[in-house]
>>> print(open('structure.cif').read())   # mmCIF, C-alpha atoms and all ligand atoms
data_final
loop_
_atom_site.label_atom_id
_atom_site.label_comp_id
_atom_site.auth_asym_id
_atom_site.auth_seq_id
_atom_site.Cartn_x
_atom_site.Cartn_y
_atom_site.Cartn_z
CA MET A 1 54.30 -66.82 -22.03
CA LYS A 2 51.64 -64.45 -23.30
CA LEU A 3 49.13 -67.31 -23.38
CA GLN A 4 49.99 -68.39 -19.82
CA PHE A 5 49.43 -64.82 -18.68
CA LEU A 6 46.05 -64.72 -20.42
CA VAL A 7 45.00 -68.03 -18.83
CA ILE A 8 45.94 -66.73 -15.37
CA ILE A 9 43.96 -63.51 -15.93
CA LEU A 10 40.89 -65.42 -17.16
CA PHE A 11 41.08 -67.92 -14.28
CA SER A 12 41.35 -65.26 -11.60
CA SER A 13 38.49 -63.19 -13.01
CA ALA A 14 36.32 -66.34 -13.08
CA LEU A 15 37.20 -66.96 -9.43
CA ALA A 16 36.40 -63.36 -8.54
CA ALA A 17 33.03 -63.58 -10.31
CA HIS A 18 32.24 -66.79 -8.43
CA ALA A 19 33.17 -65.19 -5.10
CA GLN A 20 30.94 -62.22 -5.96
CA ASP A 21 28.02 -64.56 -6.76
CA ARG A 22 28.39 -66.29 -3.42
CA LYS A 23 28.56 -62.95 -1.67
CA THR A 24 25.39 -61.64 -3.31
CA ASP A 25 23.66 -64.95 -2.51
CA ALA A 26 24.30 -64.42 1.16
CA THR A 27 21.25 -62.53 2.40
CA LEU A 28 17.57 -62.98 1.68
CA TYR A 29 17.54 -59.25 0.91
CA ARG A 30 20.10 -59.70 -1.90
CA ARG A 31 18.57 -62.90 -3.23
CA MET A 32 15.18 -61.19 -3.50
CA GLY A 33 16.61 -58.31 -5.50
CA GLY A 34 17.37 -55.61 -2.92
CA TYR A 35 15.60 -52.49 -1.77
CA ASP A 36 13.32 -51.86 -4.74
CA VAL A 37 11.83 -55.33 -4.43
CA ILE A 38 11.29 -54.92 -0.67
CA ALA A 39 9.68 -51.51 -1.30
CA THR A 40 7.38 -52.97 -3.98
CA ILE A 41 6.29 -55.82 -1.68
CA THR A 42 5.64 -53.39 1.18
CA ASP A 43 3.54 -51.07 -0.98
CA ALA A 44 1.51 -53.96 -2.44
CA TYR A 45 0.97 -55.46 1.03
CA LEU A 46 -0.17 -52.12 2.47
CA LYS A 47 -2.45 -51.49 -0.52
CA GLY A 48 -4.03 -54.86 0.24
CA VAL A 49 -4.52 -54.43 4.00
CA ARG A 50 -5.48 -50.77 3.84
CA GLY A 51 -8.06 -51.49 1.16
CA ASP A 52 -9.49 -54.49 3.01
CA PRO A 53 -12.88 -53.59 4.59
CA SER A 54 -12.33 -56.26 7.28
CA PHE A 55 -9.38 -54.13 8.50
CA GLY A 56 -11.54 -51.00 8.72
CA ARG A 57 -11.20 -50.75 12.50
CA PHE A 58 -7.42 -50.17 12.11
CA ALA A 59 -7.89 -47.22 9.73
CA GLY A 60 -8.44 -43.58 10.62
CA ARG A 61 -4.90 -42.22 10.60
CA GLY A 62 -3.79 -39.14 8.66
CA ALA A 63 -1.82 -39.28 5.40
CA ASP A 64 1.48 -38.45 7.10
CA SER A 65 1.06 -41.16 9.75
CA LEU A 66 0.34 -43.67 6.97
CA ARG A 67 3.44 -42.56 5.02
CA ARG A 68 5.55 -42.76 8.17
CA ALA A 69 4.34 -46.29 8.99
CA ARG A 70 4.96 -47.33 5.37
CA GLN A 71 8.58 -46.19 5.54
CA PHE A 72 9.03 -47.90 8.91
CA LEU A 73 7.72 -51.14 7.41
CA LYS A 74 10.12 -50.93 4.45
CA ASP A 75 13.05 -50.36 6.79
CA GLN A 76 11.94 -53.21 8.98
CA PHE A 77 11.48 -55.75 6.16
CA CYS A 78 14.80 -54.66 4.67
CA ALA A 79 16.64 -55.03 8.00
CA MET A 80 14.97 -58.35 8.83
CA ALA A 81 15.98 -59.80 5.45
CA GLY A 82 19.62 -58.91 6.13
CA GLY A 83 19.69 -55.69 4.12
CA PRO A 84 21.62 -52.50 4.98
CA CYS A 85 18.61 -50.65 6.46
CA VAL A 86 18.19 -49.81 10.12
CA TYR A 87 14.76 -50.02 11.74
CA VAL A 88 14.51 -47.15 14.22
CA GLY A 89 10.81 -47.54 15.07
CA ARG A 90 9.28 -49.01 18.18
CA ASP A 91 9.23 -52.77 18.69
CA MET A 92 6.25 -54.69 17.32
CA LYS A 93 4.73 -55.64 20.67
CA THR A 94 4.69 -52.00 21.77
CA VAL A 95 3.26 -50.72 18.47
CA HIS A 96 0.49 -53.32 18.19
CA GLY A 97 -0.27 -53.86 21.88
CA GLY A 98 -3.88 -53.00 22.72
CA LEU A 99 -5.13 -53.29 19.12
CA GLY A 100 -6.53 -56.73 19.96
CA ILE A 101 -5.32 -58.33 16.71
CA THR A 102 -6.95 -61.77 16.40
CA PRO A 103 -5.41 -64.94 14.90
CA ALA A 104 -7.88 -64.61 11.98
CA GLU A 105 -6.74 -61.02 11.32
CA TRP A 106 -3.13 -62.16 11.42
CA ALA A 107 -3.95 -64.89 8.86
CA THR A 108 -5.63 -62.30 6.62
CA SER A 109 -2.57 -60.07 6.90
CA MET A 110 -0.35 -63.03 5.90
CA ARG A 111 -2.61 -63.66 2.90
CA HIS A 112 -2.16 -60.04 1.79
CA LEU A 113 1.60 -60.45 2.17
CA ALA A 114 1.54 -63.66 0.10
CA ALA A 115 -0.50 -61.88 -2.60
CA ALA A 116 2.06 -59.04 -2.60
CA LEU A 117 4.83 -61.60 -3.16
CA ASP A 118 2.84 -63.25 -5.96
CA ALA A 119 2.78 -59.94 -7.83
CA ILE A 120 6.57 -59.85 -8.25
CA PRO A 121 9.01 -62.27 -9.86
CA VAL A 122 10.48 -63.84 -6.71
CA LYS A 123 11.58 -67.49 -6.55
CA ALA A 124 9.58 -70.01 -4.50
CA LYS A 125 12.42 -70.47 -1.98
CA GLU A 126 12.77 -66.75 -1.24
CA ARG A 127 8.98 -66.30 -1.19
CA ALA A 128 8.65 -69.03 1.45
CA GLU A 129 11.57 -67.66 3.48
CA PHE A 130 10.15 -64.14 3.49
CA LEU A 131 6.69 -65.34 4.58
CA ALA A 132 8.17 -67.54 7.33
CA MET A 133 10.34 -64.64 8.52
CA VAL A 134 7.26 -62.43 9.03
CA ASP A 135 4.98 -65.19 10.35
CA ALA A 136 7.57 -65.94 13.05
CA LEU A 137 6.59 -62.57 14.62
CA LYS A 138 2.96 -63.62 15.13
CA GLY A 139 3.36 -63.85 18.92
CA ASP A 140 4.22 -60.13 19.10
CA PHE A 141 0.99 -59.16 17.30
CA VAL A 142 -1.81 -61.51 18.26
CA GLU A 143 -3.43 -60.96 21.64
C1 LIG B 1 -3.00 -58.00 11.41
C2 LIG B 1 -1.94 -57.36 11.02
C3 LIG B 1 -1.58 -55.95 11.42
C4 LIG B 1 -2.34 -54.94 11.90
C5 LIG B 1 -3.83 -54.94 12.16
C6 LIG B 1 -1.47 -53.79 12.11
C7 LIG B 1 -1.87 -52.55 12.58
C8 LIG B 1 -1.05 -51.46 12.75
C9 LIG B 1 -1.48 -50.16 13.20
C10 LIG B 1 -2.92 -49.78 13.57
C11 LIG B 1 -0.40 -49.36 13.24
C12 LIG B 1 -0.34 -47.87 13.66
C13 LIG B 1 0.04 -47.78 15.10
C14 LIG B 1 0.12 -46.34 15.55
O1 LIG B 1 -0.53 -45.48 14.96
O2 LIG B 1 0.85 -46.10 16.53
C15 LIG B 1 0.74 -50.14 12.79
C16 LIG B 1 2.02 -49.67 12.67
C17 LIG B 1 3.10 -50.42 12.28
N1 LIG B 1 3.08 -51.75 11.95
FE1 LIG B 1 1.45 -52.95 11.91
N2 LIG B 1 -0.20 -54.13 11.77
C18 LIG B 1 -0.21 -55.44 11.33
C19 LIG B 1 0.84 -56.16 10.86
C20 LIG B 1 2.12 -55.71 10.80
C21 LIG B 1 3.24 -56.48 10.33
C22 LIG B 1 3.15 -57.91 9.77
C23 LIG B 1 4.36 -55.71 10.46
C24 LIG B 1 5.80 -56.04 10.19
C25 LIG B 1 6.34 -57.22 10.38
C26 LIG B 1 3.94 -54.43 10.99
C27 LIG B 1 4.76 -53.38 11.23
C28 LIG B 1 4.35 -52.13 11.62
C29 LIG B 1 5.24 -50.97 11.72
C30 LIG B 1 6.74 -50.97 11.41
C31 LIG B 1 4.46 -49.90 12.15
C32 LIG B 1 4.91 -48.45 12.40
C33 LIG B 1 5.59 -48.37 13.76
C34 LIG B 1 5.66 -46.98 14.35
O3 LIG B 1 4.91 -46.08 13.93
O4 LIG B 1 6.49 -46.80 15.25
N3 LIG B 1 2.57 -54.48 11.19
N4 LIG B 1 0.30 -51.41 12.52
#
>>> encode(input="structure.cif", output="structure tokens")
Amino acid sequence: MKLQFLVIILFSSALAAHAQDRKTDATLYRRMGGYDVIATITDAYLKGVRGDPSFGRFAGRGADSLRRARQFLKDQFCAMAGGPCVYVGRDMKTVHGGLGITPAEWATSMRHLAAALDAIPVKAKERAEFLAMVDALKGDFVE
């Protein structure tokens, strides 16, 4: 009787663990490792674009505006990947309208994002999904 009880306990905890695994597999956000990973990618991406001389014409904002945009970007990536964040900023077309972003500049930005993803231990599947998720927005940026 005691043994049967033990078997039932072990079986149900294995089932619960499996259900938990499936749950945490659900969103890209979770599969990538959550908020800290999104924040690291965002910071590495921004370090890349902000330090890129070919993006010089987009610079010229104060430290607080840069910090604000950085937080907006983290919230946006987090929300897009299915995380618990809420993006409360303006939509991408409104924010980037009039900047005259070219297809070549968009491609450079995607390269910086890919390099940011290369700097962290993310699996190939999630890396590709994240890049595709952002590249799908191209039409809102390029004029
Ligand atoms: C060629 C690529 C890009 C360029 C040149 C660019 C340029 C800019 C500039 C100049 C601003 C500041 C606008 C302002 O001061 O009002 C800005 C803000 C922002 N960008 Fe981009 N951006 C690019 C790509 C992206 C991407 C890929 C995302 C996200 C998918 C993004 C999300 C944002 C967000 C969330 C803000 C802040 C919005 C706000 O202040 O309300 N940008 N970007």
>>> residues_near_ligand(input="structure.cif", ligand="ligand LIG 1 (chain B)", cutoff="6 Å", atoms="all atoms listed in the file", output="mmCIF file with C-alpha atoms, in the coordinates of the input")
data_model
loop_
_atom_site.group_PDB
_atom_site.id
_atom_site.type_symbol
_atom_site.label_atom_id
_atom_site.label_comp_id
_atom_site.auth_asym_id
_atom_site.auth_seq_id
_atom_site.Cartn_x
_atom_site.Cartn_y
_atom_site.Cartn_z
ATOM 1 C CA PHE A 58 -7.420 -50.170 12.110
ATOM 2 C CA ALA A 69 4.340 -46.290 8.990
ATOM 3 C CA PHE A 72 9.030 -47.900 8.910
ATOM 4 C CA LEU A 73 7.720 -51.140 7.410
ATOM 5 C CA GLY A 89 10.810 -47.540 15.070
ATOM 6 C CA ARG A 90 9.280 -49.010 18.180
ATOM 7 C CA VAL A 95 3.260 -50.720 18.470
ATOM 8 C CA HIS A 96 0.490 -53.320 18.190
ATOM 9 C CA ILE A 101 -5.320 -58.330 16.710
ATOM 10 C CA GLU A 105 -6.740 -61.020 11.320
ATOM 11 C CA TRP A 106 -3.130 -62.160 11.420
ATOM 12 C CA SER A 109 -2.570 -60.070 6.900
ATOM 13 C CA VAL A 134 7.260 -62.430 9.030
#
>>> closest_residue(input="structure.cif", among="A:Asp36, A:Asp43, A:Asp91, A:Asp135", to="A:Ala107", atoms="all atoms listed in the file")
A:Asp135
>>> residues_around(input="structure.cif", residues="A:Ala59", least_positions_apart="5", cutoff="10 Å", atoms="only C-alpha atoms", output="PyMOL selection string")
chain A and resi 49-51+53+66
>>> write_last_selection(input="structure.cif", atoms="C-alpha atoms", output="PDB file, keeping the file's coordinate frame")
ATOM      1  CA  VAL A  49      -4.520 -54.430   4.000  1.00  0.00           C
ATOM      2  CA  ARG A  50      -5.480 -50.770   3.840  1.00  0.00           C
ATOM      3  CA  GLY A  51      -8.060 -51.490   1.160  1.00  0.00           C
ATOM      4  CA  PRO A  53     -12.880 -53.590   4.590  1.00  0.00           C
ATOM      5  CA  LEU A  66       0.340 -43.670   6.970  1.00  0.00           C
TER       6      LEU A  66
END
>>> residues_near_point(input="structure.cif", point="(4.2, -50.2, 0.0)", cutoff="12 Å", atoms="only C-alpha atoms", output="PyMOL selection string")
chain A and resi 35-50+66-75+77+112-113+116-117
>>> atom_distance(input="structure.cif", atom1="atom CA of A:Pro121", atom2="atom CA of A:Pro103")
28.8 Å
>>> closest_residue(input="structure.cif", among="A:Ala81, A:Ala124, A:Ala26, A:Ala104", to="A:Ser54", atoms="all atoms listed in the file")
A:Ala104
>>> build_atoms(input="structure.cif", residues="stretch 88-102 of chain A", atoms="N, CA and C atoms", output="tab-separated table (two decimals), in the coordinates of the input")
chain	number	residue	atom	x	y	z
A	88	VAL	N	14.38	-47.99	13.02
A	88	VAL	CA	14.51	-47.15	14.22
A	88	VAL	C	13.16	-46.94	14.93
A	89	GLY	N	12.14	-47.67	14.45
A	89	GLY	CA	10.81	-47.54	15.07
A	89	GLY	C	10.71	-48.34	16.36
A	90	ARG	N	9.52	-48.28	16.93
A	90	ARG	CA	9.28	-49.01	18.18
A	90	ARG	C	9.16	-50.51	17.89
A	91	ASP	N	9.33	-51.33	18.93
A	91	ASP	CA	9.23	-52.77	18.69
A	91	ASP	C	7.77	-53.16	18.45
A	92	MET	N	7.57	-54.30	17.81
A	92	MET	CA	6.25	-54.69	17.32
A	92	MET	C	5.22	-54.89	18.43
A	93	LYS	N	5.65	-55.42	19.55
A	93	LYS	CA	4.73	-55.64	20.67
A	93	LYS	C	4.20	-54.30	21.19
A	94	THR	N	5.08	-53.33	21.29
A	94	THR	CA	4.69	-52.00	21.77
A	94	THR	C	3.73	-51.33	20.79
A	95	VAL	N	4.07	-51.40	19.49
A	95	VAL	CA	3.26	-50.72	18.47
A	95	VAL	C	1.85	-51.32	18.38
A	96	HIS	N	1.77	-52.66	18.45
A	96	HIS	CA	0.49	-53.32	18.19
A	96	HIS	C	-0.26	-53.72	19.45
A	97	GLY	N	0.37	-53.51	20.61
A	97	GLY	CA	-0.27	-53.86	21.88
A	97	GLY	C	-1.54	-53.05	22.08
A	98	GLY	N	-2.62	-53.70	22.45
A	98	GLY	CA	-3.88	-53.00	22.72
A	98	GLY	C	-4.80	-52.94	21.50
A	99	LEU	N	-4.28	-53.30	20.32
A	99	LEU	CA	-5.13	-53.29	19.12
A	99	LEU	C	-6.05	-54.52	19.11
A	100	GLY	N	-5.70	-55.52	19.89
A	100	GLY	CA	-6.53	-56.73	19.96
A	100	GLY	C	-6.55	-57.52	18.66
A	101	ILE	N	-5.40	-57.60	17.99
A	101	ILE	CA	-5.32	-58.33	16.71
A	101	ILE	C	-5.61	-59.81	16.98
A	102	THR	N	-6.56	-60.36	16.21
A	102	THR	CA	-6.95	-61.77	16.40
A	102	THR	C	-6.12	-62.68	15.49
